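A short write-up of the structure that comes next.
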Amino acid sequence: MNIAIIGYGKMGHEIEKAAKAKGITVQSVININDKNAKYKEINEESLKDVDVCIDFTTPDSVVENIRKIASLKKNIVVGTTGWYDKLDEVKGIVNSNNVGFIYATNFSVGVNIFFKIVEAAAKLINKVDEYDVFGYEMHHKNKVDSPSGTAKSIGNILIKNIQRKNKLVFDKLDRKIEPNELHFASVRSGSIPGTHSVGFDSSADTIELKHTARNREGFALGALMAAQWINNKKGFYDINDM
Ligand SMILES: NC(=O)c1ccc[n+]([C@@H]2O[C@H](COP(=O)([O-])OP(=O)(O)OC[C@H]3O[C@@H](n4cnc5c(N)ncnc54)[C@H](OP(=O)(O)O)[C@@H]3O)[C@@H](O)[C@H]2O)c1
């Protein structure tokens, strides 16, 4: 399989490294400004002999990138976040061009395993009223958004599977928490790697599940797994389908 890396930033470099280690050919690297990338534009020449494009760019550019890639009939993996209000538009582009497309808010293999573990735990806790539920996430000081998208996903898994909790509270609580509320806190400091934790607390004990990212490697591996999965497929998918 030959891939094109669209966006030669932190993730683009990580994918290049991981692809080399896995024996996947990086046929093309496209970055709008970067002189180190082979190409600056998505076109017939830059996607020649490419099977799957992997986009880790910006929310502003990703939809236009998808449009160009789909019109050149190439399959697409999208790791870029922050474009989900255009999901229907993108679905239309994918289907009208009859290409394969997969996206994830978080491509980390470990995080996706963590989601499944949290889901299974939530189903158990749903049956035991004595346990209250909480979550928190911690990230480095340069992270721009809060709460993290991953925290939102974890919160939604908890709410979906624990009937007595139906409201997520990400903001600070300056009052007593309501029984139906689930508090999920965010902390930003120093170089803390992405950390997400879920806790179940009773008067007798606390159960805590935690995922800590060590680096960006997990995202790159997941995106490459997605590229292998979407190669030769058609249609619109997210990571749960994979
Ligand atoms: N789904 C996941 O698992 C996951 C994991 C990590 C990150 N992300 C997301 O992936 C995106 C990128 O993250 P990052 O940390 O790699 O950011 P980054 O280091 O800022 O890299 C983005 C790169 O895309 C380039 N770019 C912008 N517009 C472009 C276009 N139209 N065509 C080609 N290249 C373009 C930028 O070029 P210039 O700098 O020259 O402008 C930059 O080099 C973000 O949305 C982030 O939230 C998702």
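Residue names in the structure tokens use chain letters A, B, ... in the order shown, residue numbers from 1 in each chain, and ligand numbers from 1 in the order shown.
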
Check: Taking only C-alpha atoms and all ligand atoms into account, which residues are within 8 Å of ligand 1, as an MDAnalysis selection string?
Finding: chainID A and resid 6:13 30:34 40:42 55:62 64:65 78:82 103:108 216 219:220 222:223

Check: Could you pull out the helix (DSSP H, G or I) residues of region 7-167 of chain A from DSSP and send them as JSON, numbers by chain?
Finding: {"A": [10, 11, 12, 13, 14, 15, 16, 17, 18, 19, 20, 21, 22, 62, 63, 64, 65, 66, 67, 68, 69, 70, 71, 84, 85, 86, 87, 88, 89, 90, 91, 92, 93, 94, 95, 96, 97, 109, 110, 111, 112, 113, 114, 115, 116, 117, 118, 119, 120, 121, 122, 123, 124, 125, 149, 150, 151, 152, 153, 154, 155, 156, 157, 158, 159, 160, 161]}

Next item on the list: Have a look at A:Ala185, A:Ile24, A:Ile230, A:Ile157 and name the one nearest to Phe114 (chain A); count only C-alpha atoms.
Entry: A:Ile157

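For the set A:Trp229, A:Glu217, A:Glu208, A:Phe236, the residue with the smallest atom-to-atom gap to Glu14 (chain A) is A:Glu217, counting only C-alpha atoms.
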
Checklist line | Near-region 135-148 of chain A list (6 Å; only C-alpha atoms; drop same-chain fewer than 4 positions) as a VMD selection string | finding: chain A and resid 184 to 199

Write a file of the selected residues as a compact mmCIF listing (two decimals), in the first residue's frame, keeping C-alpha atoms.
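So selection-v8.txt came out as:
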```
# COMPACT_ATOMS: atom_id res chain seq x y z
CA PHE A 184 -15.60 15.52 34.49
CA ALA A 185 -12.75 17.92 35.30
CA SER A 186 -9.91 19.31 33.15
CA VAL A 187 -6.41 20.22 34.34
CA ARG A 188 -3.70 21.93 32.25
CA SER A 189 -0.08 22.13 33.34
CA GLY A 190 3.53 21.73 32.22
CA SER A 191 4.26 18.82 29.93
CA ILE A 192 1.62 16.37 31.21
CA PRO A 193 0.92 13.83 28.45
CA GLY A 194 -2.77 13.29 27.57
CA THR A 195 -4.30 11.55 30.59
CA HIS A 196 -7.93 10.44 30.95
CA SER A 197 -9.31 8.88 34.06
CA VAL A 198 -12.69 7.48 35.07
CA GLY A 199 -13.58 6.68 38.69
```

Margin query: Which residues are close to region 67-69 of chain A, i.e. within 9 Å by only C-alpha atoms, leaving aside same-chain residues fewer than 3 positions away? Reply as a list in words.
Written below: Ile42, Asn43, Leu47, Cys53, Val62, Val63, Glu64, Leu72, Lys73, Lys74, Asn75, Ile76, Val90, Ile93 and Val94 of chain A

Item checked: Separation of CA of Val111 (chain A) from CA of Asp241 (chain A), in Å and rounded to one decimal -> 15.4 Å

Next item on the list: Just the residues within 10 Å of region 119-131 of chain A, please, counting only C-alpha atoms, with nothing from its chain fewer than 5 positions along; format it as a list of chain:residue names.
Entry: A:Ile113, A:Phe114, A:Ile154, A:Asn156, A:Ile157, A:Leu158, A:Ile159, A:Lys160, A:Asn161, A:Ile162, A:Gln163, A:Arg164, A:Lys165, A:Val198, A:Gly199, A:Phe200, A:Asp201, A:Ser202, A:Ser203, A:Ala204, A:Asp205, A:Thr206, A:Ile207, A:Leu209
